[in-house]
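File shown: final13.txt (compact mmCIF, C-alpha atoms).
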# COMPACT_ATOMS: atom_id res chain seq x y z
CA MET H 1 0.00 0.00 0.00
CA TRP H 2 2.79 2.39 0.93
CA ASP H 3 4.69 1.54 -2.26
CA SER H 4 1.61 2.23 -4.39
CA ASN H 5 1.01 5.63 -2.82
CA SER H 6 4.70 6.41 -3.03
CA ASN H 7 4.82 5.60 -6.72
CA GLN H 8 1.67 7.60 -7.35
CA ALA H 9 3.10 10.57 -5.47
CA GLY H 10 6.34 10.25 -7.40
CA ALA H 11 4.46 10.21 -10.68
CA THR H 12 2.49 13.28 -9.60
CA ASP H 13 5.67 15.12 -8.62
CA GLU H 14 7.24 14.18 -11.94
CA GLY H 15 4.18 15.43 -13.79
CA MET H 16 4.30 18.72 -11.90
CA LYS H 17 8.00 19.09 -12.67
CA THR H 18 7.36 18.39 -16.35
CA LYS H 19 4.58 20.97 -16.42
CA SER H 20 6.84 23.46 -14.62
CA ASN H 21 9.66 22.83 -17.11
CA GLN H 22 7.26 23.32 -20.00
CA ASN H 23 6.07 26.62 -18.52
CA GLU H 24 9.68 27.78 -18.16
CA THR H 25 10.11 27.61 -21.94
CA ILE H 26 6.72 29.19 -22.72
CA ILE H 27 6.39 32.09 -20.26
CA THR H 28 8.44 34.01 -17.70
CA PRO H 29 8.26 33.07 -13.98
CA ASP H 30 6.17 36.14 -13.13
CA PHE H 31 3.67 35.64 -15.96
CA ILE H 32 1.13 33.67 -13.89
CA PRO H 33 1.29 36.08 -10.89
CA MET H 34 0.82 38.94 -13.37
CA ILE H 35 -2.24 37.27 -14.89
CA ARG H 36 -3.73 36.40 -11.49
CA ILE H 37 -3.87 40.05 -10.49
CA ILE H 38 -6.27 40.70 -13.41
CA PHE H 39 -8.86 38.83 -11.32
CA TRP H 40 -9.39 41.92 -9.16
CA ASN H 41 -9.66 44.30 -12.10
CA SER H 42 -12.29 42.22 -13.92
CA MET H 43 -14.77 41.52 -11.12
CA GLY H 44 -17.19 44.23 -12.28
CA PHE H 45 -17.21 43.48 -16.02
CA PHE H 46 -20.49 41.54 -16.13
CA PHE H 47 -22.41 43.86 -13.82
CA PHE H 48 -21.14 46.86 -15.78
CA SER H 49 -22.18 45.42 -19.15
CA PHE H 50 -25.58 44.43 -17.73
CA LEU H 51 -26.23 47.86 -16.20
CA ILE H 52 -25.65 49.98 -19.30
CA PRO H 53 -28.73 48.87 -21.29
CA TYR H 54 -30.79 48.15 -18.16
CA VAL H 55 -30.25 51.52 -16.47
CA THR H 56 -30.46 53.65 -19.61
CA VAL H 57 -33.57 52.02 -21.14
CA GLN H 58 -35.50 50.54 -18.19
CA LEU H 59 -34.53 52.97 -15.39
CA LEU H 60 -33.85 56.25 -17.21
CA GLY H 61 -36.25 55.61 -20.12
CA VAL H 62 -34.00 56.72 -23.00
CA SER H 63 -34.45 55.60 -26.61
CA LYS H 64 -32.43 52.86 -28.33
CA THR H 65 -30.59 55.53 -30.31
CA GLU H 66 -29.57 57.24 -27.05
CA LEU H 67 -28.45 53.85 -25.72
CA GLY H 68 -26.21 53.53 -28.77
CA VAL H 69 -24.85 57.03 -28.12
CA ALA H 70 -24.05 56.06 -24.50
CA PHE H 71 -21.96 53.11 -25.71
CA SER H 72 -20.26 55.34 -28.28
CA ILE H 73 -19.33 57.95 -25.65
CA GLN H 74 -17.35 55.27 -23.84
CA THR H 75 -15.52 54.47 -27.06
CA ILE H 76 -14.85 58.13 -27.85
CA GLY H 77 -12.97 58.35 -24.56
CA GLY H 78 -10.78 55.51 -25.75
CA LEU H 79 -10.23 57.20 -29.09
CA LEU H 80 -8.78 60.23 -27.33
CA SER H 81 -6.42 58.25 -25.11
CA ALA H 82 -5.30 55.37 -27.40
CA PRO H 83 -2.62 57.34 -29.35
CA ILE H 84 -1.24 58.76 -26.09
CA VAL H 85 -1.10 55.36 -24.41
CA GLY H 86 0.45 53.68 -27.44
CA PHE H 87 3.23 56.29 -27.44
CA LEU H 88 3.77 56.12 -23.67
CA THR H 89 3.78 52.32 -23.47
CA ASP H 90 7.11 52.10 -25.31
CA ARG H 91 8.68 54.88 -23.23
CA VAL H 92 7.49 54.86 -19.60
CA SER H 93 6.74 52.29 -16.92
CA LYS H 94 3.95 49.99 -18.01
CA LYS H 95 3.11 49.29 -14.37
CA VAL H 96 2.44 52.99 -13.78
CA LEU H 97 0.12 53.12 -16.80
CA ILE H 98 -1.75 50.04 -15.57
CA LEU H 99 -2.13 51.62 -12.12
CA ILE H 100 -3.59 54.75 -13.74
CA GLY H 101 -5.96 52.56 -15.74
CA SER H 102 -7.12 50.76 -12.58
CA PHE H 103 -7.85 54.08 -10.88
CA GLY H 104 -9.71 55.26 -13.99
CA ARG H 105 -12.01 52.22 -13.97
CA ALA H 106 -12.70 52.79 -10.25
CA ALA H 107 -13.62 56.43 -10.97
CA CYS H 108 -15.96 55.24 -13.73
CA TYR H 109 -17.87 52.93 -11.37
CA ILE H 110 -18.25 55.69 -8.78
CA LEU H 111 -19.55 58.18 -11.36
CA MET H 112 -22.04 55.65 -12.73
CA TYR H 113 -23.26 54.94 -9.19
CA ILE H 114 -23.83 58.64 -8.53
CA GLY H 115 -25.57 58.99 -11.90
CA ILE H 116 -27.98 56.19 -10.99
CA LEU H 117 -28.75 57.66 -7.57
CA PHE H 118 -29.57 61.06 -9.09
CA SER H 119 -31.27 59.58 -12.19
CA SER H 120 -28.82 61.55 -14.34
CA PHE H 121 -28.14 60.22 -17.82
CA VAL H 122 -25.37 62.85 -18.17
CA LEU H 123 -23.48 61.65 -15.08
CA PHE H 124 -23.99 58.02 -16.03
CA THR H 125 -22.53 58.54 -19.51
CA ALA H 126 -19.75 60.71 -18.03
CA GLY H 127 -18.70 57.62 -16.09
CA MET H 128 -18.66 55.64 -19.33
CA PHE H 129 -16.49 58.30 -20.96
CA VAL H 130 -14.03 58.09 -18.06
CA LEU H 131 -13.89 54.32 -18.47
CA GLY H 132 -13.26 54.63 -22.19
CA PHE H 133 -10.49 57.16 -21.67
CA PHE H 134 -8.63 55.13 -19.04
CA VAL H 135 -9.25 51.59 -20.29
CA GLY H 136 -6.39 51.90 -22.78
CA PHE H 137 -4.03 52.77 -19.92
CA PHE H 138 -4.70 49.27 -18.62
CA TRP H 139 -5.00 46.98 -21.66
CA THR H 140 -2.40 48.39 -24.07
CA PRO H 141 0.57 48.11 -21.64
CA LEU H 142 -0.80 44.82 -20.30
CA ASP H 143 -1.01 43.32 -23.81
CA THR H 144 2.54 44.51 -24.41
CA LEU H 145 3.75 42.84 -21.20
CA ILE H 146 1.94 39.60 -22.12
CA SER H 147 3.71 39.66 -25.50
CA GLU H 148 7.10 40.35 -23.92
CA LYS H 149 6.71 37.61 -21.32
CA SER H 150 5.59 34.75 -23.59
CA ASN H 151 6.97 32.58 -26.37
CA LYS H 152 5.94 33.62 -29.88
CA ASP H 153 4.74 30.06 -30.61
CA ASN H 154 2.35 30.16 -27.64
CA ARG H 155 1.16 33.74 -27.85
CA SER H 156 -2.55 32.97 -28.36
CA PHE H 157 -2.37 30.66 -25.35
CA ALA H 158 -0.83 33.50 -23.32
CA PHE H 159 -3.64 35.86 -24.28
CA GLY H 160 -6.08 33.05 -23.59
CA LYS H 161 -4.74 32.81 -20.02
CA ARG H 162 -5.43 36.52 -19.66
CA ALA H 163 -9.00 36.04 -20.87
CA GLY H 164 -9.44 33.03 -18.60
CA MET H 165 -8.48 35.07 -15.55
CA ILE H 166 -10.90 37.78 -16.65
CA GLY H 167 -13.54 35.05 -16.73
CA LYS H 168 -12.71 33.91 -13.19
CA GLY H 169 -12.84 37.44 -11.77
CA ASN H 170 -15.97 38.11 -13.79
CA ALA H 171 -17.62 34.94 -12.45
CA VAL H 172 -16.94 35.78 -8.80
CA GLY H 173 -17.99 39.40 -9.30
CA SER H 174 -21.14 38.28 -11.12
CA ILE H 175 -22.16 35.99 -8.25
CA ILE H 176 -21.64 38.81 -5.73
CA SER H 177 -23.54 41.36 -7.82
CA PHE H 178 -26.30 38.88 -8.69
CA ILE H 179 -26.99 38.06 -5.02
CA ILE H 180 -27.01 41.71 -3.95
CA PHE H 181 -29.05 42.87 -6.98
CA TRP H 182 -31.61 40.07 -6.59
CA LEU H 183 -32.08 40.46 -2.84
CA ALA H 184 -32.26 44.27 -2.98
CA ASN H 185 -34.60 44.24 -5.98
CA THR H 186 -36.85 41.71 -4.25
CA TYR H 187 -37.11 43.33 -0.81
CA VAL H 188 -36.10 47.00 -1.16
CA PRO H 189 -36.30 47.85 -4.89
CA GLU H 190 -36.72 51.55 -4.13
CA ASN H 191 -33.40 51.64 -2.22
CA LEU H 192 -31.03 52.43 -5.09
CA PHE H 193 -28.11 52.73 -2.66
CA LEU H 194 -28.30 48.99 -2.01
CA VAL H 195 -29.43 47.77 -5.44
CA TYR H 196 -26.40 49.23 -7.19
CA CYS H 197 -23.81 49.16 -4.37
CA PRO H 198 -21.77 46.40 -6.15
CA LEU H 199 -20.37 49.25 -8.24
CA LEU H 200 -18.60 50.58 -5.14
CA LEU H 201 -17.22 47.12 -4.30
CA PHE H 202 -15.80 46.79 -7.80
CA ALA H 203 -14.29 50.28 -7.63
CA ALA H 204 -12.39 49.14 -4.53
CA SER H 205 -11.30 45.87 -6.18
CA ASN H 206 -9.82 47.81 -9.11
CA ILE H 207 -7.79 50.03 -6.80
CA PHE H 208 -6.56 46.95 -4.91
CA GLY H 209 -5.71 45.12 -8.15
CA GLY H 210 -3.79 48.09 -9.51
CA PHE H 211 -1.62 48.34 -6.39
CA MET H 212 -1.00 44.56 -6.34
CA PHE H 213 0.05 44.64 -10.00
CA HIS H 214 2.38 47.55 -9.37
CA MET H 215 4.10 45.77 -6.48
CA LYS H 216 4.42 42.22 -7.82
CA VAL H 217 5.22 42.42 -11.55
CA ASP H 218 8.78 42.82 -12.85
CA GLU H 219 8.32 44.60 -16.17
CA LYS H 220 12.06 44.38 -16.96
CA LEU H 221 11.94 40.57 -17.09
CA THR H 222 11.11 39.60 -20.68
CA TYR H 223 10.82 36.17 -22.25
CA ASP H 224 13.99 36.65 -24.31
CA LYS H 225 16.03 37.53 -21.22
CA HIS H 226 14.51 34.64 -19.26
CA ILE H 227 15.37 32.09 -21.97
CA PHE H 228 18.86 33.52 -22.36
CA ASN H 229 19.41 33.03 -18.62
CA LEU H 230 18.09 29.46 -18.79
CA PHE H 231 20.03 28.43 -21.90
CA PRO H 232 22.85 30.96 -22.39
CA SER H 233 24.85 28.68 -24.68
CA SER H 234 21.97 27.95 -27.07
CA VAL H 235 20.58 31.45 -27.48
CA GLU H 236 22.36 34.16 -29.41
CA PRO H 237 23.05 37.31 -27.36
CA SER H 238 21.39 39.43 -30.01
CA VAL H 239 18.04 37.88 -29.14
CA VAL H 240 17.81 40.03 -26.01
CA SER H 241 18.96 43.20 -27.69
CA LYS H 242 16.46 45.93 -28.31
CA GLU H 243 18.60 47.63 -30.91
CA PRO H 244 17.28 47.48 -34.47
CA VAL H 245 19.20 45.32 -36.90
CA ILE H 246 20.90 47.34 -39.66
CA SER H 247 20.12 45.70 -42.94
CA ASP H 248 22.38 45.65 -46.01
CA THR H 249 19.33 45.41 -48.26
CA PRO H 250 19.46 47.96 -51.12
CA LEU H 251 17.42 51.11 -50.60
CA LYS H 252 14.95 50.23 -53.39
CA SER H 253 14.22 46.82 -51.84
CA ARG H 254 13.79 48.37 -48.43
CA ASN H 255 11.30 50.87 -49.88
CA ASN H 256 9.35 47.99 -51.42
CA LEU H 257 9.37 46.22 -48.05
CA ALA H 258 8.08 49.37 -46.37
CA ILE H 259 5.24 49.66 -48.91
CA GLY H 260 4.30 46.00 -48.49
CA PHE H 261 4.25 46.31 -44.72
CA PHE H 262 2.21 49.53 -44.86
CA VAL H 263 -0.38 47.92 -47.15
CA GLY H 264 -0.67 44.82 -44.97
CA PHE H 265 -0.92 46.73 -41.71
CA SER H 266 -3.43 49.20 -43.17
CA VAL H 267 -5.70 46.38 -44.33
CA LEU H 268 -5.37 44.69 -40.93
CA VAL H 269 -6.42 47.75 -38.94
CA LEU H 270 -9.22 48.40 -41.46
CA ALA H 271 -10.44 44.87 -40.79
CA PHE H 272 -10.11 45.54 -37.04
CA MET H 273 -12.21 48.67 -37.38
CA THR H 274 -14.87 46.91 -39.46
CA SER H 275 -15.00 44.00 -37.02
CA ASN H 276 -15.60 46.36 -34.12
CA ILE H 277 -18.38 48.12 -36.01
CA ASN H 278 -19.87 44.67 -36.43
CA GLN H 279 -19.43 43.58 -32.80
CA MET H 280 -20.94 46.77 -31.42
CA LEU H 281 -23.86 46.91 -33.87
CA ALA H 282 -25.89 44.37 -31.93
CA TYR H 283 -24.08 44.00 -28.58
CA PRO H 284 -25.76 46.97 -26.79
CA PHE H 285 -29.21 45.64 -27.72
CA PHE H 286 -29.06 41.99 -26.63
CA GLN H 287 -30.79 42.68 -23.30
CA VAL H 288 -33.24 45.13 -24.86
CA TYR H 289 -34.15 42.50 -27.48
CA LEU H 290 -34.69 39.94 -24.72
CA HIS H 291 -36.95 42.35 -22.85
CA ASP H 292 -38.92 43.87 -25.73
CA GLU H 293 -39.12 41.08 -28.33
CA LEU H 294 -38.88 37.84 -26.34
CA GLY H 295 -40.90 39.07 -23.37
CA VAL H 296 -38.35 38.47 -20.61
CA GLN H 297 -39.39 41.18 -18.13
CA ASP H 298 -37.65 40.16 -14.89
CA PRO H 299 -34.20 41.88 -14.72
CA THR H 300 -32.81 39.06 -12.56
CA LEU H 301 -33.88 36.49 -15.17
CA ILE H 302 -32.26 38.59 -17.90
CA MET H 303 -29.06 38.52 -15.82
CA ILE H 304 -29.21 34.72 -15.61
CA ILE H 305 -29.80 34.30 -19.37
CA TYR H 306 -27.05 36.79 -20.23
CA PHE H 307 -24.53 35.41 -17.72
CA PRO H 308 -23.14 32.33 -19.61
CA SER H 309 -22.20 34.29 -22.73
CA GLN H 310 -20.17 36.74 -20.66
CA ILE H 311 -18.39 34.21 -18.44
CA ILE H 312 -18.10 30.72 -19.94
CA SER H 313 -16.48 31.88 -23.20
CA LEU H 314 -13.78 33.62 -21.15
CA LEU H 315 -13.14 30.53 -19.03
CA LEU H 316 -12.71 28.56 -22.27
CA ALA H 317 -10.22 31.10 -23.65
CA PRO H 318 -7.00 29.28 -22.57
CA LYS H 319 -8.17 26.18 -24.47
CA LEU H 320 -9.15 28.33 -27.44
CA GLY H 321 -5.69 29.94 -27.31
CA LYS H 322 -3.98 26.54 -27.56
CA ILE H 323 -6.07 25.73 -30.63
CA ALA H 324 -5.39 29.15 -32.16
CA ASP H 325 -1.62 28.61 -31.79
CA ARG H 326 -1.83 25.42 -33.88
CA ILE H 327 -3.98 26.48 -36.81
CA ASN H 328 -3.41 28.68 -39.83
CA PRO H 329 -4.65 32.17 -38.86
CA VAL H 330 -6.43 32.73 -42.18
CA LEU H 331 -8.36 29.46 -41.88
CA GLY H 332 -9.05 30.28 -38.24
CA MET H 333 -10.60 33.65 -39.10
CA VAL H 334 -12.68 32.12 -41.91
CA PHE H 335 -13.98 29.50 -39.48
CA VAL H 336 -14.90 31.77 -36.55
CA SER H 337 -16.35 34.55 -38.74
CA SER H 338 -18.51 32.19 -40.78
CA LEU H 339 -19.85 30.40 -37.72
CA GLY H 340 -20.35 33.72 -35.93
CA ALA H 341 -22.51 34.99 -38.79
CA PHE H 342 -24.53 31.75 -38.79
CA VAL H 343 -25.12 31.93 -35.03
CA THR H 344 -26.27 35.56 -35.34
CA TRP H 345 -28.82 34.46 -37.94
CA LEU H 346 -30.07 31.81 -35.48
CA ILE H 347 -30.28 34.44 -32.73
CA ILE H 348 -32.73 36.64 -34.63
CA ASN H 349 -34.86 33.56 -35.41
CA SER H 350 -34.98 32.34 -31.79
CA THR H 351 -38.29 32.44 -29.93
CA SER H 352 -37.07 31.48 -26.45
CA GLY H 353 -35.04 33.52 -23.99
CA TRP H 354 -33.08 30.43 -22.93
CA LEU H 355 -32.24 29.51 -26.54
CA PHE H 356 -31.24 33.14 -27.10
CA GLY H 357 -28.81 32.89 -24.16
CA LEU H 358 -27.32 29.61 -25.43
CA LEU H 359 -26.75 31.07 -28.89
CA LEU H 360 -25.13 34.14 -27.33
CA LEU H 361 -22.68 31.80 -25.61
CA PHE H 362 -21.64 30.28 -28.93
CA ASP H 363 -21.42 33.71 -30.55
CA SER H 364 -19.21 35.03 -27.75
CA THR H 365 -16.96 31.96 -27.90
CA PHE H 366 -16.36 32.36 -31.63
CA ALA H 367 -15.69 36.07 -31.14
CA TRP H 368 -13.05 35.32 -28.48
CA GLY H 369 -11.43 32.71 -30.72
CA GLY H 370 -11.01 35.28 -33.48
CA ASN H 371 -9.78 37.87 -31.00
CA LEU H 372 -7.00 35.56 -29.75
CA ILE H 373 -5.82 34.90 -33.31
CA LEU H 374 -5.65 38.62 -34.03
CA GLN H 375 -3.86 39.49 -30.77
CA ASN H 376 -1.26 36.88 -31.67
CA ILE H 377 -0.68 38.54 -35.04
CA LEU H 378 -0.46 42.05 -33.56
CA SER H 379 2.03 40.94 -30.92
CA ARG H 380 4.47 39.54 -33.50
CA ILE H 381 4.58 42.52 -35.88
CA SER H 382 7.27 44.40 -33.95
CA LYS H 383 9.22 43.79 -30.75
CA ILE H 384 10.41 47.30 -30.01
CA HIS H 385 7.19 49.07 -31.11
CA ARG H 386 4.58 46.76 -29.61
CA GLY H 387 2.97 49.59 -27.66
CA LYS H 388 2.51 51.65 -30.82
CA VAL H 389 1.16 48.65 -32.75
CA PHE H 390 -1.39 47.81 -30.06
CA GLY H 391 -2.22 51.50 -29.64
CA ALA H 392 -2.80 52.04 -33.38
CA ALA H 393 -4.93 48.92 -33.69
CA GLN H 394 -6.91 49.87 -30.61
CA TRP H 395 -7.55 53.39 -31.88
CA LEU H 396 -9.00 52.22 -35.18
CA SER H 397 -10.96 49.42 -33.56
CA LEU H 398 -12.38 51.95 -31.09
CA PHE H 399 -13.33 54.18 -33.99
CA GLY H 400 -15.33 51.28 -35.38
CA ALA H 401 -16.79 50.55 -31.96
CA ALA H 402 -17.96 54.17 -31.70
CA LEU H 403 -19.86 53.94 -34.99
CA GLY H 404 -21.41 50.54 -34.33
CA PRO H 405 -23.80 51.41 -31.46
CA ILE H 406 -25.01 54.59 -33.21
CA ILE H 407 -25.76 52.69 -36.42
CA GLY H 408 -27.31 49.82 -34.47
CA GLY H 409 -29.48 52.11 -32.33
CA PHE H 410 -30.73 54.01 -35.37
CA ALA H 411 -31.49 50.72 -37.18
CA TYR H 412 -33.30 49.34 -34.11
CA ASP H 413 -35.52 52.43 -33.75
CA ASN H 414 -36.16 53.18 -37.44
CA ILE H 415 -36.01 49.85 -39.31
CA ALA H 416 -36.74 46.88 -37.04
CA PRO H 417 -35.48 45.35 -33.78
CA PHE H 418 -33.69 42.61 -35.74
CA ALA H 419 -32.00 45.09 -38.10
CA PRO H 420 -28.72 45.51 -36.10
CA PHE H 421 -28.30 41.72 -36.05
CA LEU H 422 -28.99 41.38 -39.78
CA ILE H 423 -26.51 44.11 -40.70
CA SER H 424 -23.98 42.41 -38.44
CA ILE H 425 -24.23 39.17 -40.44
CA PHE H 426 -23.32 40.89 -43.72
CA ILE H 427 -20.42 42.80 -42.16
CA GLU H 428 -19.01 39.69 -40.45
CA LEU H 429 -18.92 37.83 -43.76
CA SER H 430 -17.49 40.78 -45.69
CA VAL H 431 -14.54 41.18 -43.30
CA ILE H 432 -13.20 37.65 -44.00
CA PRO H 433 -11.33 38.60 -47.23
CA LEU H 434 -9.85 41.67 -45.50
CA TYR H 435 -8.28 39.50 -42.79
CA ALA H 436 -7.03 37.00 -45.38
CA ILE H 437 -5.31 39.75 -47.40
CA ALA H 438 -3.83 41.43 -44.31
CA ILE H 439 -2.45 38.23 -42.75
CA LYS H 440 -0.87 36.97 -45.98
CA THR H 441 0.60 40.40 -46.82
CA LEU H 442 2.08 40.93 -43.35
CA LYS H 443 3.56 37.45 -42.94
CA PRO H 444 6.98 38.24 -44.54
CA TYR H 445 7.44 41.35 -42.35
CA MET H 446 6.76 39.81 -38.93
CA THR H 447 9.70 40.21 -36.55
CA GLU H 448 8.52 37.03 -34.81
CA LYS H 449 7.70 34.37 -37.39
CA VAL H 450 5.92 31.09 -36.73
CA ASP H 451 5.42 28.15 -39.09
CA LEU H 452 1.72 27.55 -39.75
Using structure tokens, write down the structure that the file contains.
Amino acid sequence: MWDSNSNQAGATDEGMKTKSNQNETIITPDFIPMIRIIFWNSMGFFFFSFLIPYVTVQLLGVSKTELGVAFSIQTIGGLLSAPIVGFLTDRVSKKVLILIGSFGRAACYILMYIGILFSSFVLFTAGMFVLGFFVGFFWTPLDTLISEKSNKDNRSFAFGKRAGMIGKGNAVGSIISFIIFWLANTYVPENLFLVYCPLLLFAASNIFGGFMFHMKVDEKLTYDKHIFNLFPSSVEPSVVSKEPVISDTPLKSRNNLAIGFFVGFSVLVLAFMTSNINQMLAYPFFQVYLHDELGVQDPTLIMIIYFPSQIISLLLAPKLGKIADRINPVLGMVFVSSLGAFVTWLIINSTSGWLFGLLLLFDSTFAWGGNLILQNILSRISKIHRGKVFGAAQWLSLFGAALGPIIGGFAYDNIAPFAPFLISIFIELSVIPLYAIAIKTLKPYMTEKVDL
């Protein structure tokens, strides 16, 4: 009996050592602690996304077009800050930027809470603007750190780990907010202080997460330096250098390379922008559609139906990242975009709230799969200008995200409730060739190449 347990324990220890050794060649030692801290910053994501359509339409009584404007105001804040953050990320401490972003999200939650208490649409949307402005201070430097602390061949997996931790924080925060919201709405619905107090809890969790990140993450430790320390004899010293390589390529050839890169990157960010128009066309109106068209009146029930699509797809992200690292990115985008369009068509033909929620889960999962593929591509374009690359892509995607809710709200009010979803199908299919052209054109110019 002792020998059996001993052997089993030995096998377990060996398995843990093997897993540890594998992690050493995929990510830096502080990667997992860095990702774990995201838990605190993501606890309010679900409650925040639920509140925007619920408060604006059901509580404040605004139109669907005004709901679209509210979403766009958040994005406009991001448009103003994205170029600044992209520039700063390559020049100043990323931990400081992330701390600023955490404080900005906390300020957003507090402003939204005050706006609800005073029934002020202006204050509520001001909070959304603050969030939009400061969100780039968090995600752009964080995405850069994730890229710097992971192996190029496992980059989608690394971003999937980030999304998975968002899902865990989101799940815990959702349970907390659901219990408080349900109990307060059931027994003291007129007491807005209690009904919406989770916003204050999540403001505090963001401040705590920002400080923890600032204290525990070593932003100077990159994957290249880590691998060079592990295997100094098998890695060339130049791999850790941040100095650009001086090429002997003739000037004419270099000009052609610059043109090719510019074309590929331009098409990629155009596709990013179009995709975000598509994603935000229908997203603000999921809950409104449930309430108005499918007859789901109870806000707690809407929360339950909406919950899986916002949480489960994130928890699946690490697995999706592993798959994304092994497939051709063009085929991957064709697959997720085609299935996403098909699921959207099923959504507008659903007659049950529960079926609607299940289809939203599939739609969200496909969207995250495509997002991981694209983050992988962005991270490998340049090592020394990652902040600028992520900042540029974010700016144009935010521009698309600002247009989407306005177009969707106008279509919902003036054409039909299903119109934003129908337009989304056509856009999602039309963006496939853009991604194919961009990925194939950029492939020769990647500073980190992978064989797929």
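Nearest to H:Ile84 of all the residues H:Ala107, H:Leu97, H:Ile277, H:Met303 is H:Leu97, based on only C-alpha atoms.
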Shell of 7 Å around H:Gly160, all atoms listed in the file, local chain residues under 2 positions omitted, as an MDAnalysis selection string: chainID H and resid 156:158 162:164 317:318 320:321 372
Got a sec: who's within 9 Å of stretch 383-392 of chain H, counting only C-alpha atoms, leaving out chain neighbours fewer than 4 positions off, as a compact mmCIF listing (two decimals) with C-alpha atoms, in the coordinates of the input?
# COMPACT_ATOMS: atom_id res chain seq x y z
CA ALA H 82 -5.30 55.37 -27.40
CA PRO H 83 -2.62 57.34 -29.35
CA ILE H 84 -1.24 58.76 -26.09
CA VAL H 85 -1.10 55.36 -24.41
CA GLY H 86 0.45 53.68 -27.44
CA PHE H 87 3.23 56.29 -27.44
CA LEU H 88 3.77 56.12 -23.67
CA THR H 89 3.78 52.32 -23.47
CA ASP H 90 7.11 52.10 -25.31
CA ARG H 91 8.68 54.88 -23.23
CA GLY H 136 -6.39 51.90 -22.78
CA THR H 140 -2.40 48.39 -24.07
CA PRO H 141 0.57 48.11 -21.64
CA ASP H 143 -1.01 43.32 -23.81
CA THR H 144 2.54 44.51 -24.41
CA SER H 147 3.71 39.66 -25.50
CA GLU H 148 7.10 40.35 -23.92
CA LYS H 242 16.46 45.93 -28.31
CA GLU H 243 18.60 47.63 -30.91
CA PRO H 244 17.28 47.48 -34.47
CA VAL H 269 -6.42 47.75 -38.94
CA GLN H 375 -3.86 39.49 -30.77
CA LEU H 378 -0.46 42.05 -33.56
CA SER H 379 2.03 40.94 -30.92
CA LEU H 396 -9.00 52.22 -35.18
CA SER H 397 -10.96 49.42 -33.56
CA THR H 447 9.70 40.21 -36.55
CA GLU H 448 8.52 37.03 -34.81
For H:Gly167, which residue among H:Phe39, H:Phe138, H:Phe48, H:Tyr283 is the nearest when counting only C-alpha atoms? H:Phe39
Residues within 12 Å of (-16.8, 37.1, -11.6), counting all atoms listed in the file, listed as a ChimeraX atom specification: /H:38-48,164-178,198,202,205,307-308,310-312,314-315
Show which residues sit within 10 Å of H:Phe356, as number ranges by chain. Count only C-alpha atoms, and ignore same-chain residues fewer than 5 positions away. H: 286, 289-290, 294, 305-306, 344, 346-351, 361
